[in-house]
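Reproduced below: upload10.txt, with compact mmCIF, N, CA and C atoms and all ligand atoms.
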# COMPACT_ATOMS: atom_id res chain seq x y z
N MET A 1 5.70 -0.01 15.74
CA MET A 1 5.87 -1.19 14.87
C MET A 1 6.48 -0.77 13.54
N GLU A 2 7.54 -1.43 13.18
CA GLU A 2 8.19 -1.13 11.91
C GLU A 2 7.31 -1.55 10.73
N ASN A 3 7.30 -0.73 9.70
CA ASN A 3 6.51 -1.06 8.51
C ASN A 3 6.92 -2.42 7.93
N GLU A 4 8.22 -2.70 7.98
CA GLU A 4 8.72 -3.95 7.38
C GLU A 4 8.11 -5.18 8.06
N ILE A 5 7.89 -5.07 9.34
CA ILE A 5 7.31 -6.21 10.07
C ILE A 5 5.87 -6.43 9.62
N LEU A 6 5.12 -5.33 9.52
CA LEU A 6 3.72 -5.44 9.09
C LEU A 6 3.66 -6.00 7.66
N ILE A 7 4.57 -5.56 6.84
CA ILE A 7 4.61 -6.07 5.45
C ILE A 7 4.90 -7.57 5.43
N SER A 8 5.76 -8.02 6.31
CA SER A 8 6.07 -9.46 6.33
C SER A 8 4.84 -10.27 6.73
N TYR A 9 4.02 -9.72 7.62
CA TYR A 9 2.76 -10.39 7.97
C TYR A 9 1.82 -10.42 6.76
N ALA A 10 1.77 -9.32 6.03
CA ALA A 10 0.89 -9.25 4.86
C ALA A 10 1.33 -10.26 3.80
N LYS A 11 2.63 -10.40 3.62
CA LYS A 11 3.15 -11.36 2.64
C LYS A 11 2.76 -12.79 3.02
N LYS A 12 2.86 -13.07 4.31
CA LYS A 12 2.52 -14.42 4.78
C LYS A 12 1.03 -14.68 4.53
N ALA A 13 0.19 -13.69 4.83
CA ALA A 13 -1.26 -13.85 4.65
C ALA A 13 -1.60 -14.02 3.17
N MET A 14 -0.84 -13.38 2.30
CA MET A 14 -1.09 -13.48 0.86
C MET A 14 -1.01 -14.94 0.41
N GLY A 15 -0.22 -15.72 1.08
CA GLY A 15 -0.08 -17.15 0.76
C GLY A 15 -1.36 -17.93 0.94
N ASN A 16 -2.30 -17.38 1.70
CA ASN A 16 -3.59 -18.06 1.92
C ASN A 16 -4.69 -17.54 1.01
N ALA A 17 -4.34 -16.63 0.09
CA ALA A 17 -5.38 -16.07 -0.79
C ALA A 17 -6.11 -17.19 -1.53
N TYR A 18 -7.42 -17.03 -1.65
CA TYR A 18 -8.23 -17.95 -2.45
C TYR A 18 -8.67 -17.15 -3.67
N ALA A 19 -7.90 -17.27 -4.74
CA ALA A 19 -8.13 -16.42 -5.91
C ALA A 19 -8.07 -17.23 -7.21
N PRO A 20 -8.92 -18.28 -7.32
CA PRO A 20 -8.85 -19.13 -8.51
C PRO A 20 -9.39 -18.45 -9.77
N TYR A 21 -10.15 -17.37 -9.61
CA TYR A 21 -10.78 -16.72 -10.77
C TYR A 21 -9.90 -15.63 -11.35
N SER A 22 -9.33 -14.80 -10.49
CA SER A 22 -8.49 -13.70 -10.98
C SER A 22 -7.02 -14.10 -11.05
N GLY A 23 -6.62 -15.06 -10.24
CA GLY A 23 -5.20 -15.40 -10.15
C GLY A 23 -4.38 -14.29 -9.51
N PHE A 24 -5.08 -13.35 -8.86
CA PHE A 24 -4.43 -12.18 -8.26
C PHE A 24 -4.53 -12.30 -6.74
N SER A 25 -3.43 -12.65 -6.12
CA SER A 25 -3.43 -12.84 -4.66
C SER A 25 -3.07 -11.55 -3.95
N VAL A 26 -3.78 -11.27 -2.87
CA VAL A 26 -3.53 -10.06 -2.08
C VAL A 26 -3.42 -10.46 -0.61
N GLY A 27 -2.50 -9.80 0.08
CA GLY A 27 -2.37 -9.99 1.53
C GLY A 27 -2.39 -8.64 2.22
N ALA A 28 -2.99 -8.61 3.39
CA ALA A 28 -3.04 -7.36 4.17
C ALA A 28 -2.73 -7.67 5.62
N ALA A 29 -2.13 -6.71 6.28
CA ALA A 29 -1.90 -6.84 7.73
C ALA A 29 -2.17 -5.47 8.34
N LEU A 30 -2.98 -5.47 9.37
CA LEU A 30 -3.28 -4.18 10.02
C LEU A 30 -2.80 -4.19 11.46
N LEU A 31 -2.45 -3.00 11.89
CA LEU A 31 -2.00 -2.78 13.27
C LEU A 31 -3.08 -1.97 13.98
N THR A 32 -3.59 -2.50 15.07
CA THR A 32 -4.61 -1.76 15.83
C THR A 32 -3.92 -0.73 16.73
N THR A 33 -4.68 0.22 17.22
CA THR A 33 -4.08 1.23 18.10
C THR A 33 -3.58 0.60 19.40
N GLU A 34 -4.09 -0.59 19.71
CA GLU A 34 -3.62 -1.31 20.92
C GLU A 34 -2.34 -2.09 20.65
N GLY A 35 -1.94 -2.15 19.36
CA GLY A 35 -0.69 -2.85 19.03
C GLY A 35 -0.88 -4.29 18.59
N GLU A 36 -2.14 -4.69 18.37
CA GLU A 36 -2.39 -6.05 17.89
C GLU A 36 -2.31 -6.08 16.35
N ILE A 37 -1.91 -7.21 15.81
CA ILE A 37 -1.85 -7.37 14.36
C ILE A 37 -2.91 -8.38 13.92
N PHE A 38 -3.63 -8.00 12.85
CA PHE A 38 -4.57 -8.93 12.22
C PHE A 38 -4.25 -8.97 10.73
N THR A 39 -4.35 -10.16 10.17
CA THR A 39 -4.03 -10.32 8.75
C THR A 39 -5.24 -10.78 7.97
N GLY A 40 -5.17 -10.60 6.64
CA GLY A 40 -6.25 -11.08 5.78
C GLY A 40 -5.73 -11.32 4.37
N CYS A 41 -6.52 -12.09 3.62
CA CYS A 41 -6.22 -12.34 2.22
C CYS A 41 -7.52 -12.20 1.44
N ASN A 42 -7.40 -12.08 0.11
CA ASN A 42 -8.64 -12.03 -0.67
C ASN A 42 -9.24 -13.43 -0.77
N VAL A 43 -10.56 -13.45 -0.71
CA VAL A 43 -11.30 -14.71 -0.77
C VAL A 43 -12.37 -14.55 -1.85
N GLU A 44 -12.13 -15.22 -2.98
CA GLU A 44 -13.05 -15.07 -4.11
C GLU A 44 -14.16 -16.12 -4.05
N ASN A 45 -15.16 -15.90 -4.93
CA ASN A 45 -16.31 -16.80 -4.95
C ASN A 45 -16.81 -16.92 -6.38
N ALA A 46 -17.41 -18.05 -6.70
CA ALA A 46 -17.98 -18.27 -8.04
C ALA A 46 -19.01 -17.20 -8.35
N SER A 47 -19.69 -16.72 -7.33
CA SER A 47 -20.56 -15.55 -7.49
C SER A 47 -19.66 -14.34 -7.23
N PHE A 48 -19.07 -13.78 -8.29
CA PHE A 48 -17.94 -12.86 -8.16
C PHE A 48 -18.17 -11.73 -7.15
N GLY A 49 -19.39 -11.23 -7.10
CA GLY A 49 -19.69 -10.11 -6.21
C GLY A 49 -19.55 -10.46 -4.74
N ALA A 50 -19.48 -11.74 -4.44
CA ALA A 50 -19.34 -12.17 -3.04
C ALA A 50 -17.89 -12.13 -2.58
N THR A 51 -16.98 -11.82 -3.50
CA THR A 51 -15.55 -11.78 -3.16
C THR A 51 -15.25 -10.75 -2.07
N ILE A 52 -14.37 -11.15 -1.16
CA ILE A 52 -13.93 -10.25 -0.08
C ILE A 52 -12.47 -9.90 -0.32
N CYS A 53 -12.15 -8.63 -0.30
CA CYS A 53 -10.76 -8.18 -0.46
C CYS A 53 -9.95 -8.49 0.81
N ALA A 54 -8.65 -8.53 0.63
CA ALA A 54 -7.75 -8.84 1.74
C ALA A 54 -7.87 -7.82 2.89
N GLU A 55 -8.02 -6.55 2.52
CA GLU A 55 -8.07 -5.49 3.54
C GLU A 55 -9.31 -5.64 4.42
N ARG A 56 -10.46 -5.92 3.76
CA ARG A 56 -11.68 -6.08 4.56
C ARG A 56 -11.68 -7.39 5.33
N CYS A 57 -11.01 -8.39 4.80
CA CYS A 57 -10.87 -9.65 5.54
C CYS A 57 -10.13 -9.39 6.86
N ALA A 58 -9.01 -8.67 6.77
CA ALA A 58 -8.23 -8.35 7.98
C ALA A 58 -9.05 -7.48 8.94
N ALA A 59 -9.75 -6.50 8.37
CA ALA A 59 -10.54 -5.59 9.21
C ALA A 59 -11.65 -6.35 9.93
N MET A 60 -12.32 -7.22 9.22
CA MET A 60 -13.41 -8.01 9.82
C MET A 60 -12.89 -8.87 10.97
N LYS A 61 -11.71 -9.45 10.77
CA LYS A 61 -11.14 -10.28 11.83
C LYS A 61 -10.88 -9.45 13.07
N ALA A 62 -10.33 -8.24 12.86
CA ALA A 62 -10.03 -7.37 14.00
C ALA A 62 -11.31 -6.91 14.70
N ILE A 63 -12.26 -6.43 13.91
CA ILE A 63 -13.49 -5.89 14.49
C ILE A 63 -14.24 -6.98 15.26
N SER A 64 -14.26 -8.16 14.68
CA SER A 64 -15.00 -9.25 15.33
C SER A 64 -14.33 -9.72 16.61
N GLU A 65 -13.06 -9.32 16.80
CA GLU A 65 -12.36 -9.63 18.05
C GLU A 65 -12.35 -8.44 19.00
N GLY A 66 -13.06 -7.38 18.62
CA GLY A 66 -13.21 -6.24 19.53
C GLY A 66 -12.27 -5.08 19.29
N TYR A 67 -11.51 -5.11 18.18
CA TYR A 67 -10.55 -4.04 17.87
C TYR A 67 -11.12 -3.20 16.72
N THR A 68 -11.44 -1.96 17.03
CA THR A 68 -12.14 -1.13 16.04
C THR A 68 -11.39 0.16 15.68
N SER A 69 -10.11 0.23 16.03
CA SER A 69 -9.32 1.41 15.70
C SER A 69 -7.97 0.96 15.13
N PHE A 70 -7.71 1.36 13.88
CA PHE A 70 -6.51 0.88 13.19
C PHE A 70 -5.53 2.02 12.95
N GLU A 71 -4.24 1.70 13.11
CA GLU A 71 -3.18 2.70 12.87
C GLU A 71 -2.57 2.58 11.49
N LYS A 72 -2.34 1.33 11.10
CA LYS A 72 -1.65 1.09 9.83
C LYS A 72 -2.25 -0.13 9.15
N VAL A 73 -2.25 -0.09 7.83
CA VAL A 73 -2.61 -1.28 7.06
C VAL A 73 -1.57 -1.46 5.96
N ALA A 74 -0.93 -2.61 5.94
CA ALA A 74 0.05 -2.93 4.90
C ALA A 74 -0.61 -3.85 3.87
N ILE A 75 -0.32 -3.59 2.60
CA ILE A 75 -0.94 -4.36 1.51
C ILE A 75 0.13 -4.82 0.52
N VAL A 76 0.08 -6.09 0.16
CA VAL A 76 0.97 -6.61 -0.88
C VAL A 76 0.14 -7.49 -1.83
N SER A 77 0.66 -7.68 -3.04
CA SER A 77 -0.05 -8.57 -3.96
C SER A 77 0.93 -9.35 -4.81
N SER A 78 0.37 -10.35 -5.50
CA SER A 78 1.20 -11.21 -6.35
C SER A 78 1.63 -10.50 -7.63
N SER A 79 1.09 -9.30 -7.89
CA SER A 79 1.48 -8.56 -9.10
C SER A 79 2.93 -8.12 -9.03
N GLY A 80 3.43 -8.00 -7.81
CA GLY A 80 4.80 -7.52 -7.63
C GLY A 80 4.88 -6.00 -7.62
N ASP A 81 3.80 -5.36 -8.04
CA ASP A 81 3.76 -3.89 -8.07
C ASP A 81 3.00 -3.39 -6.84
N TYR A 82 3.04 -2.09 -6.61
CA TYR A 82 2.25 -1.52 -5.53
C TYR A 82 0.78 -1.80 -5.79
N THR A 83 0.05 -2.24 -4.79
CA THR A 83 -1.38 -2.52 -4.97
C THR A 83 -2.18 -1.61 -4.06
N TYR A 84 -2.87 -0.68 -4.67
CA TYR A 84 -3.65 0.29 -3.91
C TYR A 84 -4.99 -0.31 -3.53
N PRO A 85 -5.49 0.00 -2.36
CA PRO A 85 -6.78 -0.56 -1.95
C PRO A 85 -7.91 -0.06 -2.86
N CYS A 86 -8.89 -0.93 -3.11
CA CYS A 86 -10.02 -0.54 -3.96
C CYS A 86 -10.88 0.49 -3.22
N GLY A 87 -11.80 1.08 -3.96
CA GLY A 87 -12.64 2.13 -3.38
C GLY A 87 -13.47 1.65 -2.20
N ILE A 88 -14.00 0.45 -2.32
CA ILE A 88 -14.83 -0.07 -1.21
C ILE A 88 -13.97 -0.22 0.04
N CYS A 89 -12.76 -0.74 -0.13
CA CYS A 89 -11.88 -0.92 1.05
C CYS A 89 -11.46 0.41 1.65
N ARG A 90 -11.22 1.40 0.81
CA ARG A 90 -10.87 2.74 1.35
C ARG A 90 -12.00 3.26 2.22
N GLN A 91 -13.23 3.17 1.69
CA GLN A 91 -14.38 3.63 2.47
C GLN A 91 -14.54 2.80 3.74
N PHE A 92 -14.36 1.51 3.60
CA PHE A 92 -14.54 0.61 4.76
C PHE A 92 -13.53 0.93 5.85
N LEU A 93 -12.26 1.12 5.45
CA LEU A 93 -11.21 1.39 6.44
C LEU A 93 -11.40 2.76 7.08
N ALA A 94 -11.95 3.71 6.33
CA ALA A 94 -12.12 5.07 6.88
C ALA A 94 -13.00 5.07 8.13
N GLU A 95 -13.88 4.09 8.22
CA GLU A 95 -14.76 3.97 9.39
C GLU A 95 -13.94 3.69 10.66
N PHE A 96 -12.78 3.05 10.49
CA PHE A 96 -12.01 2.56 11.64
C PHE A 96 -10.60 3.15 11.73
N MET A 97 -10.30 4.13 10.85
CA MET A 97 -8.97 4.75 10.86
C MET A 97 -9.12 6.25 10.83
N GLU A 98 -9.11 6.86 11.99
CA GLU A 98 -9.25 8.33 12.02
C GLU A 98 -8.03 8.99 11.39
N GLU A 99 -6.88 8.60 11.87
CA GLU A 99 -5.62 9.07 11.30
C GLU A 99 -4.74 7.85 11.15
N GLY A 100 -4.66 7.36 9.95
CA GLY A 100 -3.90 6.13 9.80
C GLY A 100 -3.14 6.13 8.50
N THR A 101 -2.26 5.18 8.37
CA THR A 101 -1.46 5.11 7.16
C THR A 101 -1.64 3.78 6.44
N ILE A 102 -1.59 3.87 5.13
CA ILE A 102 -1.64 2.71 4.25
C ILE A 102 -0.23 2.51 3.72
N ILE A 103 0.27 1.30 3.87
CA ILE A 103 1.65 1.00 3.48
C ILE A 103 1.63 0.00 2.32
N LEU A 104 2.27 0.38 1.23
CA LEU A 104 2.33 -0.49 0.05
C LEU A 104 3.78 -0.89 -0.19
N CYS A 105 3.95 -2.07 -0.72
CA CYS A 105 5.32 -2.56 -0.96
C CYS A 105 5.36 -3.32 -2.27
N ASN A 106 6.34 -3.04 -3.10
CA ASN A 106 6.47 -3.80 -4.35
C ASN A 106 7.46 -4.95 -4.15
N GLU A 107 7.69 -5.70 -5.22
CA GLU A 107 8.51 -6.91 -5.03
C GLU A 107 9.99 -6.59 -4.80
N GLU A 108 10.40 -5.36 -5.12
CA GLU A 108 11.79 -4.97 -4.81
C GLU A 108 11.93 -4.61 -3.32
N GLY A 109 10.80 -4.55 -2.64
CA GLY A 109 10.84 -4.19 -1.22
C GLY A 109 10.80 -2.69 -0.98
N THR A 110 10.50 -1.93 -2.04
CA THR A 110 10.38 -0.48 -1.87
C THR A 110 8.99 -0.17 -1.32
N ILE A 111 8.98 0.71 -0.34
CA ILE A 111 7.74 1.00 0.40
C ILE A 111 7.21 2.38 0.04
N LYS A 112 5.87 2.44 -0.11
CA LYS A 112 5.20 3.73 -0.25
C LYS A 112 4.21 3.85 0.89
N GLU A 113 4.07 5.06 1.40
CA GLU A 113 3.20 5.27 2.56
C GLU A 113 2.26 6.44 2.26
N TYR A 114 0.99 6.24 2.55
CA TYR A 114 -0.01 7.30 2.33
C TYR A 114 -0.89 7.41 3.57
N THR A 115 -1.36 8.60 3.84
CA THR A 115 -2.43 8.69 4.83
C THR A 115 -3.70 8.19 4.14
N LEU A 116 -4.61 7.60 4.91
CA LEU A 116 -5.87 7.15 4.31
C LEU A 116 -6.65 8.35 3.78
N GLU A 117 -6.50 9.47 4.50
CA GLU A 117 -7.15 10.73 4.08
C GLU A 117 -6.75 11.12 2.65
N LYS A 118 -5.49 10.86 2.32
CA LYS A 118 -5.01 11.18 0.97
C LYS A 118 -5.66 10.26 -0.08
N LEU A 119 -5.89 9.00 0.31
CA LEU A 119 -6.46 8.05 -0.63
C LEU A 119 -7.97 8.16 -0.74
N ILE A 120 -8.61 8.66 0.32
CA ILE A 120 -10.05 8.86 0.25
C ILE A 120 -10.44 10.15 0.98
N PRO A 121 -10.17 11.28 0.34
CA PRO A 121 -10.60 12.54 0.97
C PRO A 121 -12.13 12.59 0.99
N TYR A 122 -12.66 13.22 2.00
CA TYR A 122 -14.12 13.36 2.13
C TYR A 122 -14.83 12.01 2.12
N ALA A 123 -14.29 11.04 2.84
CA ALA A 123 -14.97 9.74 2.95
C ALA A 123 -16.37 9.96 3.51
N PHE A 124 -17.30 9.15 3.08
CA PHE A 124 -18.67 9.26 3.58
C PHE A 124 -18.69 8.94 5.07
N ASN A 125 -19.41 9.74 5.81
CA ASN A 125 -19.38 9.62 7.28
C ASN A 125 -20.74 10.02 7.83
N LEU A 126 -21.34 9.16 8.63
CA LEU A 126 -22.63 9.48 9.23
C LEU A 126 -22.50 9.82 10.72
N LEU A 127 -21.28 9.69 11.26
CA LEU A 127 -21.13 9.81 12.71
C LEU A 127 -20.71 11.19 13.19
N THR A 128 -19.98 11.95 12.36
CA THR A 128 -19.54 13.26 12.84
C THR A 128 -19.93 14.35 11.83
N1 LIG B 1 -8.48 -7.24 -4.22
C1 LIG B 1 -8.12 -7.11 -2.93
O1 LIG B 1 -8.01 -8.09 -2.19
N2 LIG B 1 -7.89 -5.87 -2.47
C2 LIG B 1 -8.00 -4.73 -3.20
O2 LIG B 1 -7.93 -3.63 -2.66
C3 LIG B 1 -8.19 -4.83 -4.65
C4 LIG B 1 -8.66 -6.14 -5.14
C5 LIG B 1 -8.73 -8.59 -4.75
C6 LIG B 1 -10.18 -8.86 -5.07
C7 LIG B 1 -10.07 -9.96 -6.09
O3 LIG B 1 -9.98 -11.20 -5.42
C8 LIG B 1 -8.74 -9.70 -6.78
O4 LIG B 1 -8.04 -8.78 -5.96
C9 LIG B 1 -8.87 -9.11 -8.18
O5 LIG B 1 -9.72 -8.02 -8.16

What is this structure when it is put down as structure tokens?
Amino acid sequence: MENEILISYAKKAMGNAYAPYSGFSVGAALLTTEGEIFTGCNVENASFGATICAERCAAMKAISEGYTSFEKVAIVSSSGDYTYPCGICRQFLAEFMEEGTIILCNEEGTIKEYTLEKLIPYAFNLLT
């Protein structure tokens, strides 16, 4: 799957962001190892701590449909700049991405690619 395609899914999902408090919309699209795509957006709440990031929204959708292994996650935001996943999302994705890549794209369409390992070395792990 081309990174550009995954990014286009993330951009579309960003349009559904519910972000009335921060005004910061985020979209994510993940590719499972089976080749399925799941998308997510950030969903904020008046009780701020209840907010769900776009990456975890996409991951939850995939996991709840039986897909627990991810190859790539593309992330875009309304800032127009590269938007790196927050610490909670890095840890959350590490559970389901043994060797995977995080793809970021700015509004010029320039892409940056990182291994998740690079973004969260020594992720907490209880399984191995
Ligand atoms: N946000 C995400 O969706 N993903 C991230 O990795 C960083 C932050 C959202 C949460 C909140 O709705 C808004 O961005 C501002 O923090």

- For ligand LIG 1 (chain B), list the contacting residues at 12 Å or closer, counting only C-alpha atoms and all ligand atoms, as number ranges by chain. A: 10, 13-14, 16-29, 39-59, 73-79, 82-93, 102, 104, 119

Apply DSSP to the backbone of this structure and, from chain A, keep only the residues in strand (DSSP E); write these as an MDAnalysis selection string.
chainID A and resid 26:32 37:41 70:77 101:105 111:115

Exercise. Residues of range 13-104 of chain A in alpha helix (DSSP H) according to DSSP, as a PyMOL selection string?
Worked result: chain A and resi 13-14+54-64+87-94

Report task. Identify, on the basis of only C-alpha atoms, every residue whose closest approach to Ile111 in chain A does not exceed 9 Å; exclude the query and any residue fewer than 3 positions from it along the same chain; express the result as a list in words. Result ->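 Once the adjacent positions are removed, what remains is Asn3, Glu4, Tyr82, Ile103, Leu104, Cys105, Asn106 and Glu108 of chain A.
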
Pick from A:Thr33, A:Lys72, A:Glu117, A:Gly66, whichever lies nearest to Ala94 in chain A using only C-alpha atoms: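 Result for the nearest residue to Ala94 in chain A: A:Glu117.
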
Original post:
Suppose you want the space between CA of Phe124 in chain A and CA of Gly100 in chain A; what is it in Å?
Top reply: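 Here the two named atoms are 16.3 Å from each other.
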
Go ahead and compute the interatomic distance for atom N of Asn125 in chain A and atom C of Leu6 in chain A, in Å to one decimal.
->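 About the pair atom N of Asn125 in chain A and atom C of Leu6 in chain A: they are 28.0 Å apart.
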
**Q.** A:Gly109, A:Phe96, A:Tyr114, A:Lys12 ranked by distance to Tyr67 in chain A, top pick (using only N, CA and C atoms)
**A.**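 That would be A:Phe96, the residue with the smallest distance to Tyr67 in chain A.
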
Distance in Å - CA of Thr101 in chain A versus CA of Thr68 in chain A |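 Spanning CA of Thr101 in chain A to CA of Thr68 in chain A is a straight-line distance of 15.2 Å.
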
Find the smallest box with edges along x, y and z containing every listed atom of range 72-81 of chain A, then add 8 Å on each side and report centre and edge lengths in Å to one decimal, as JSON.
{"center_x": 1.1, "center_y": -4.9, "center_z": 1.0, "size_x": 23.5, "size_y": 28.5, "size_z": 36.2}
